[in-house]
Amino acid sequence: MSAKIPLAGVIGAPVAHSKSPALHGYWLNRYGLKGHYVPLHVEQIDLEQVLKTLPKMGFVGANVTIPHKESVLALADIVTDRAALIGAANTLIFRPDGKLYADNTDGYGFVENLRSNADWDPKSGPAAVLGAGGAARAVIASLLEVGVPEIRLANRTRARADALRAEFGTKISVVEWVNANEMLKGATTVVNTTSLGMEGQPELKISFEHLSPDAVVTDIVYTPLHTDFLVRAADKGCQIVDGLGMLLYQAAPGFERWFDQRPEIDEATRAHILSL
Ligand code: ATR
């Protein structure tokens, strides 16, 4: 009897825009693996039933995207510490024992992207984080995990930043959105987690007068690859890291678990995604 072909996919609504099928498909092809990865458009009302049905259909796991990243936690049997801390999951494993395992690799992807693409020491100074949405939660949790001494946080809606400080602790200080440029003084890690600068969105118009050339500056936006924010930081002499790497690195742990192959993240992988 031949072994079952492992299936995986990305669960969301909408999912048509997701680059995950192209990325996992690329890796499956590159390594000559038997397996398929498909987009799965699932509405909230159907999520629980779909999660029960997929393993019976040969699915070994899935990625989860908007709007299910938070609600899937309540349906999981096992939630990793980092998923619980972030309050969301992006990677599921349908275990052979029938248990649903939920993990979050967004923070891992964020940190690996910086480690792999910059000479970055998170302990070298404060981090400045712009934005306090879902992406900021993963960024903040992972920055604290790798030992940043201090996080300065600014968000247009101050209450969301205050809530993150209350939750994640005293290493976080909240700065008014209009004064965000001041929190760049002495910061050695600078992160845009807002959607500003994304194609079709306004630019992130923060002044860089206090930005040190020693800072590593990164953006979670990757369309365009080089946002105005990154271009201006490069002009200041900073190391810049684009957001595409975060997408690639957060995908790798799931791929390895489902298809039993560690995927390489290199120029060829980047070029494939950028060619789409
Ligand atoms: P994600 O999961 O991608 O973080 P989100 O939770 O909707 O998405 O968060 C979007 C982030 O971009 C928030 O920090 C948001 O600021 P608010 O909390 O004030 O909404 C920020 N953002 C989006 N549009 C913005 C704008 N025009 N000006 C300033 N911040 C903006």
# chains A, B, ... in the order shown; residues from 1 in each chain; ligands from 1
call {"tool": "residues_near_ligand", "arguments": {"ligand": "ligand 1", "cutoff": "12 Å", "atoms": "only C-alpha atoms and all ligand atoms", "output": "PyMOL selection string"}}
result
chain A and resi 65-70+86-88+90+106+129-140+153-164+176-178+180+191-198+200-206+219-222
call {"tool": "residues_around", "arguments": {"residues": "Arg95 (chain A)", "least_positions_apart": "5", "cutoff": "12 Å", "atoms": "only C-alpha atoms", "output": "mmCIF file with N, CA, C and O atoms, in the first residue's frame"}}
result
data_model
loop_
_atom_site.group_PDB
_atom_site.id
_atom_site.type_symbol
_atom_site.label_atom_id
_atom_site.label_comp_id
_atom_site.auth_asym_id
_atom_site.auth_seq_id
_atom_site.Cartn_x
_atom_site.Cartn_y
_atom_site.Cartn_z
ATOM 1 N N LEU A 51 -12.159 22.196 10.870
ATOM 2 C CA LEU A 51 -10.975 21.693 11.589
ATOM 3 C C LEU A 51 -11.144 20.232 11.988
ATOM 4 O O LEU A 51 -10.166 19.502 12.122
ATOM 5 N N LYS A 52 -12.375 19.806 12.178
ATOM 6 C CA LYS A 52 -12.636 18.383 12.497
ATOM 7 C C LYS A 52 -12.544 17.521 11.246
ATOM 8 O O LYS A 52 -12.164 16.354 11.301
ATOM 9 N N LEU A 54 -10.881 18.256 8.170
ATOM 10 C CA LEU A 54 -9.637 18.255 7.380
ATOM 11 C C LEU A 54 -8.746 17.038 7.668
ATOM 12 O O LEU A 54 -8.237 16.415 6.721
ATOM 13 N N PRO A 55 -8.502 16.673 8.943
ATOM 14 C CA PRO A 55 -7.620 15.518 9.174
ATOM 15 C C PRO A 55 -8.163 14.238 8.542
ATOM 16 O O PRO A 55 -7.394 13.395 8.057
ATOM 17 N N LYS A 56 -9.474 14.105 8.513
ATOM 18 C CA LYS A 56 -10.087 12.901 7.914
ATOM 19 C C LYS A 56 -9.862 12.866 6.410
ATOM 20 O O LYS A 56 -9.995 11.831 5.771
ATOM 21 N N GLY A 58 -7.048 13.803 4.975
ATOM 22 C CA GLY A 58 -5.628 13.655 4.665
ATOM 23 C C GLY A 58 -4.783 14.885 4.945
ATOM 24 O O GLY A 58 -3.595 14.930 4.621
ATOM 25 N N PHE A 59 -5.389 15.891 5.554
ATOM 26 C CA PHE A 59 -4.620 17.089 5.904
ATOM 27 C C PHE A 59 -3.791 16.823 7.164
ATOM 28 O O PHE A 59 -4.299 16.286 8.146
ATOM 29 N N VAL A 60 -2.518 17.212 7.092
ATOM 30 C CA VAL A 60 -1.628 17.042 8.240
ATOM 31 C C VAL A 60 -1.470 18.358 9.018
ATOM 32 O O VAL A 60 -0.939 18.369 10.124
ATOM 33 N N GLY A 61 -1.907 19.441 8.416
ATOM 34 C CA GLY A 61 -1.801 20.720 9.112
ATOM 35 C C GLY A 61 -2.287 21.847 8.240
ATOM 36 O O GLY A 61 -2.736 21.639 7.110
ATOM 37 N N ALA A 62 -2.182 23.054 8.788
ATOM 38 C CA ALA A 62 -2.644 24.229 8.043
ATOM 39 C C ALA A 62 -2.051 25.494 8.634
ATOM 40 O O ALA A 62 -1.693 25.532 9.809
ATOM 41 N N ALA A 76 -8.344 24.611 19.759
ATOM 42 C CA ALA A 76 -7.158 23.740 19.780
ATOM 43 C C ALA A 76 -7.089 22.938 21.077
ATOM 44 O O ALA A 76 -7.532 23.394 22.126
ATOM 45 N N ASP A 77 -6.513 21.729 20.987
ATOM 46 C CA ASP A 77 -6.290 20.913 22.189
ATOM 47 C C ASP A 77 -4.984 21.304 22.863
ATOM 48 O O ASP A 77 -4.849 21.247 24.071
ATOM 49 N N ILE A 78 -3.990 21.659 22.059
ATOM 50 C CA ILE A 78 -2.680 22.036 22.583
ATOM 51 C C ILE A 78 -2.312 23.381 21.980
ATOM 52 O O ILE A 78 -2.348 23.546 20.755
ATOM 53 N N LEU A 100 -5.541 18.649 18.079
ATOM 54 C CA LEU A 100 -5.225 19.836 17.267
ATOM 55 C C LEU A 100 -4.203 20.683 18.013
ATOM 56 O O LEU A 100 -4.465 21.156 19.128
ATOM 57 N N TYR A 101 -3.040 20.859 17.375
ATOM 58 C CA TYR A 101 -1.911 21.584 17.975
ATOM 59 C C TYR A 101 -1.799 22.938 17.280
ATOM 60 O O TYR A 101 -1.783 23.013 16.049
ATOM 61 N N ALA A 102 -1.763 24.019 18.083
ATOM 62 C CA ALA A 102 -1.742 25.372 17.511
ATOM 63 C C ALA A 102 -0.494 26.117 17.969
ATOM 64 O O ALA A 102 -0.205 26.196 19.166
ATOM 65 N N ARG A 257 7.332 20.522 9.595
ATOM 66 C CA ARG A 257 6.534 19.553 10.354
ATOM 67 C C ARG A 257 5.628 18.732 9.430
ATOM 68 O O ARG A 257 5.467 17.531 9.605
ATOM 69 N N TRP A 258 5.010 19.375 8.454
ATOM 70 C CA TRP A 258 4.031 18.684 7.607
ATOM 71 C C TRP A 258 4.689 17.775 6.570
ATOM 72 O O TRP A 258 4.205 16.699 6.285
#
call {"tool": "atom_distance", "arguments": {"atom1": "CA of Arg82 (chain A)", "atom2": "CA of Val111 (chain A)"}}
result
13.4 Å
call {"tool": "residues_around", "arguments": {"residues": "Val64 (chain A)", "least_positions_apart": "6", "cutoff": "7 Å", "atoms": "only C-alpha atoms", "output": "ChimeraX atom specification"}}
result
/A:10-12,89-91
call {"tool": "write_last_selection", "arguments": {"atoms": "all heavy atoms", "output": "PDB file, in the first residue's frame"}}
result
ATOM      1  N   VAL A  10      -3.938  26.887   3.671  1.00  0.00           N
ATOM      2  CA  VAL A  10      -4.104  28.096   4.488  1.00  0.00           C
ATOM      3  C   VAL A  10      -5.591  28.382   4.618  1.00  0.00           C
ATOM      4  O   VAL A  10      -6.313  28.421   3.619  1.00  0.00           O
ATOM      5  CB  VAL A  10      -3.308  29.305   3.928  1.00  0.00           C
ATOM      6  CG1 VAL A  10      -3.598  29.599   2.470  1.00  0.00           C
ATOM      7  CG2 VAL A  10      -3.546  30.553   4.785  1.00  0.00           C
ATOM      8  N   ILE A  11      -6.027  28.521   5.868  1.00  0.00           N
ATOM      9  CA  ILE A  11      -7.438  28.723   6.197  1.00  0.00           C
ATOM     10  C   ILE A  11      -7.671  30.202   6.481  1.00  0.00           C
ATOM     11  O   ILE A  11      -7.038  30.774   7.373  1.00  0.00           O
ATOM     12  CB  ILE A  11      -7.803  27.905   7.457  1.00  0.00           C
ATOM     13  CG1 ILE A  11      -7.590  26.413   7.215  1.00  0.00           C
ATOM     14  CG2 ILE A  11      -9.242  28.198   7.884  1.00  0.00           C
ATOM     15  CD1 ILE A  11      -7.725  25.564   8.479  1.00  0.00           C
ATOM     16  N   GLY A  12      -8.566  30.831   5.745  1.00  0.00           N
ATOM     17  CA  GLY A  12      -8.849  32.249   5.984  1.00  0.00           C
ATOM     18  C   GLY A  12     -10.067  32.686   5.210  1.00  0.00           C
ATOM     19  O   GLY A  12     -10.693  31.900   4.494  1.00  0.00           O
ATOM     20  N   ALA A  89      -2.825  32.094  16.677  1.00  0.00           N
ATOM     21  CA  ALA A  89      -2.051  31.014  16.061  1.00  0.00           C
ATOM     22  C   ALA A  89      -1.999  31.228  14.559  1.00  0.00           C
ATOM     23  O   ALA A  89      -2.926  31.786  13.975  1.00  0.00           O
ATOM     24  CB  ALA A  89      -2.685  29.661  16.368  1.00  0.00           C
ATOM     25  N   ASN A  90      -0.898  30.810  13.950  1.00  0.00           N
ATOM     26  CA  ASN A  90      -0.826  30.863  12.484  1.00  0.00           C
ATOM     27  C   ASN A  90      -0.470  29.505  11.880  1.00  0.00           C
ATOM     28  O   ASN A  90      -0.478  29.363  10.663  1.00  0.00           O
ATOM     29  CB  ASN A  90       0.188  31.921  12.020  1.00  0.00           C
ATOM     30  CG  ASN A  90       1.613  31.520  12.296  1.00  0.00           C
ATOM     31  OD1 ASN A  90       1.876  30.687  13.181  1.00  0.00           O
ATOM     32  ND2 ASN A  90       2.550  32.080  11.557  1.00  0.00           N
ATOM     33  N   THR A  91      -0.150  28.542  12.743  1.00  0.00           N
ATOM     34  CA  THR A  91       0.307  27.240  12.250  1.00  0.00           C
ATOM     35  C   THR A  91      -0.372  26.134  13.055  1.00  0.00           C
ATOM     36  O   THR A  91      -0.265  26.114  14.284  1.00  0.00           O
ATOM     37  CB  THR A  91       1.846  27.115  12.415  1.00  0.00           C
ATOM     38  OG1 THR A  91       2.461  28.215  11.728  1.00  0.00           O
ATOM     39  CG2 THR A  91       2.370  25.816  11.838  1.00  0.00           C
TER      40      THR A  91
END
call {"tool": "select_by_dssp", "arguments": {"residues": "region 38-132 of chain A", "states": "strand (DSSP E or B)", "output": "list in words"}}
result
Val38, Pro39, Leu40, His41, Phe59, Val60, Gly61, Ala62, Asn63, Val64, Ile78, Val79, Thr91, Leu92, Ile93, Phe94, Leu100, Tyr101, Ala102, Asp103, Ala127, Ala128, Val129 and Leu130 of chain A
call {"tool": "select_by_dssp", "arguments": {"residues": "region 25-96 of chain A", "states": "helix (DSSP H, G or I)", "output": "NGL selection string"}}
result
:A and (25-30 or 44-57 or 71-75 or 81-86)
call {"tool": "closest_residue", "arguments": {"among": "A:Pro96, A:Gly237, A:Pro6, A:Pro14", "to": "Leu28 (chain A)", "atoms": "only C-alpha atoms"}}
result
A:Pro6
call {"tool": "closest_residue", "arguments": {"among": "A:Ala141, A:Asn63, A:Gly147, A:His226", "to": "Asp81 (chain A)", "atoms": "only C-alpha atoms"}}
result
A:Ala141
call {"tool": "closest_residue", "arguments": {"among": "A:Ile273, A:Gly245, A:Phe168, A:Gly25", "to": "Ser116 (chain A)", "atoms": "only C-alpha atoms"}}
result
A:Gly245
call {"tool": "closest_residue", "arguments": {"among": "A:Ala74, A:Trp27, A:Leu248, A:Ala22", "to": "Leu47 (chain A)", "atoms": "only C-alpha atoms"}}
result
A:Ala74
call {"tool": "closest_atom_pairs", "arguments": {"of": "region 211-260 of chain A", "to": "region 31-39 of chain A", "cutoff": "12 Å", "atoms": "only C-alpha atoms", "output": "Markdown table"}}
result
| residue | atom | partner | partner_atom | distance |
| --- | --- | --- | --- | --- |
| A:Gly254 | CA | A:Tyr37 | CA | 11.4 |
| A:Phe255 | CA | A:Tyr37 | CA | 9.7 |
| A:Glu256 | CA | A:Leu33 | CA | 11.6 |
| A:Trp258 | CA | A:Gly35 | CA | 9.0 |
| A:Phe259 | CA | A:Gly35 | CA | 7.2 |
| A:Asp260 | CA | A:Leu33 | CA | 9.3 |
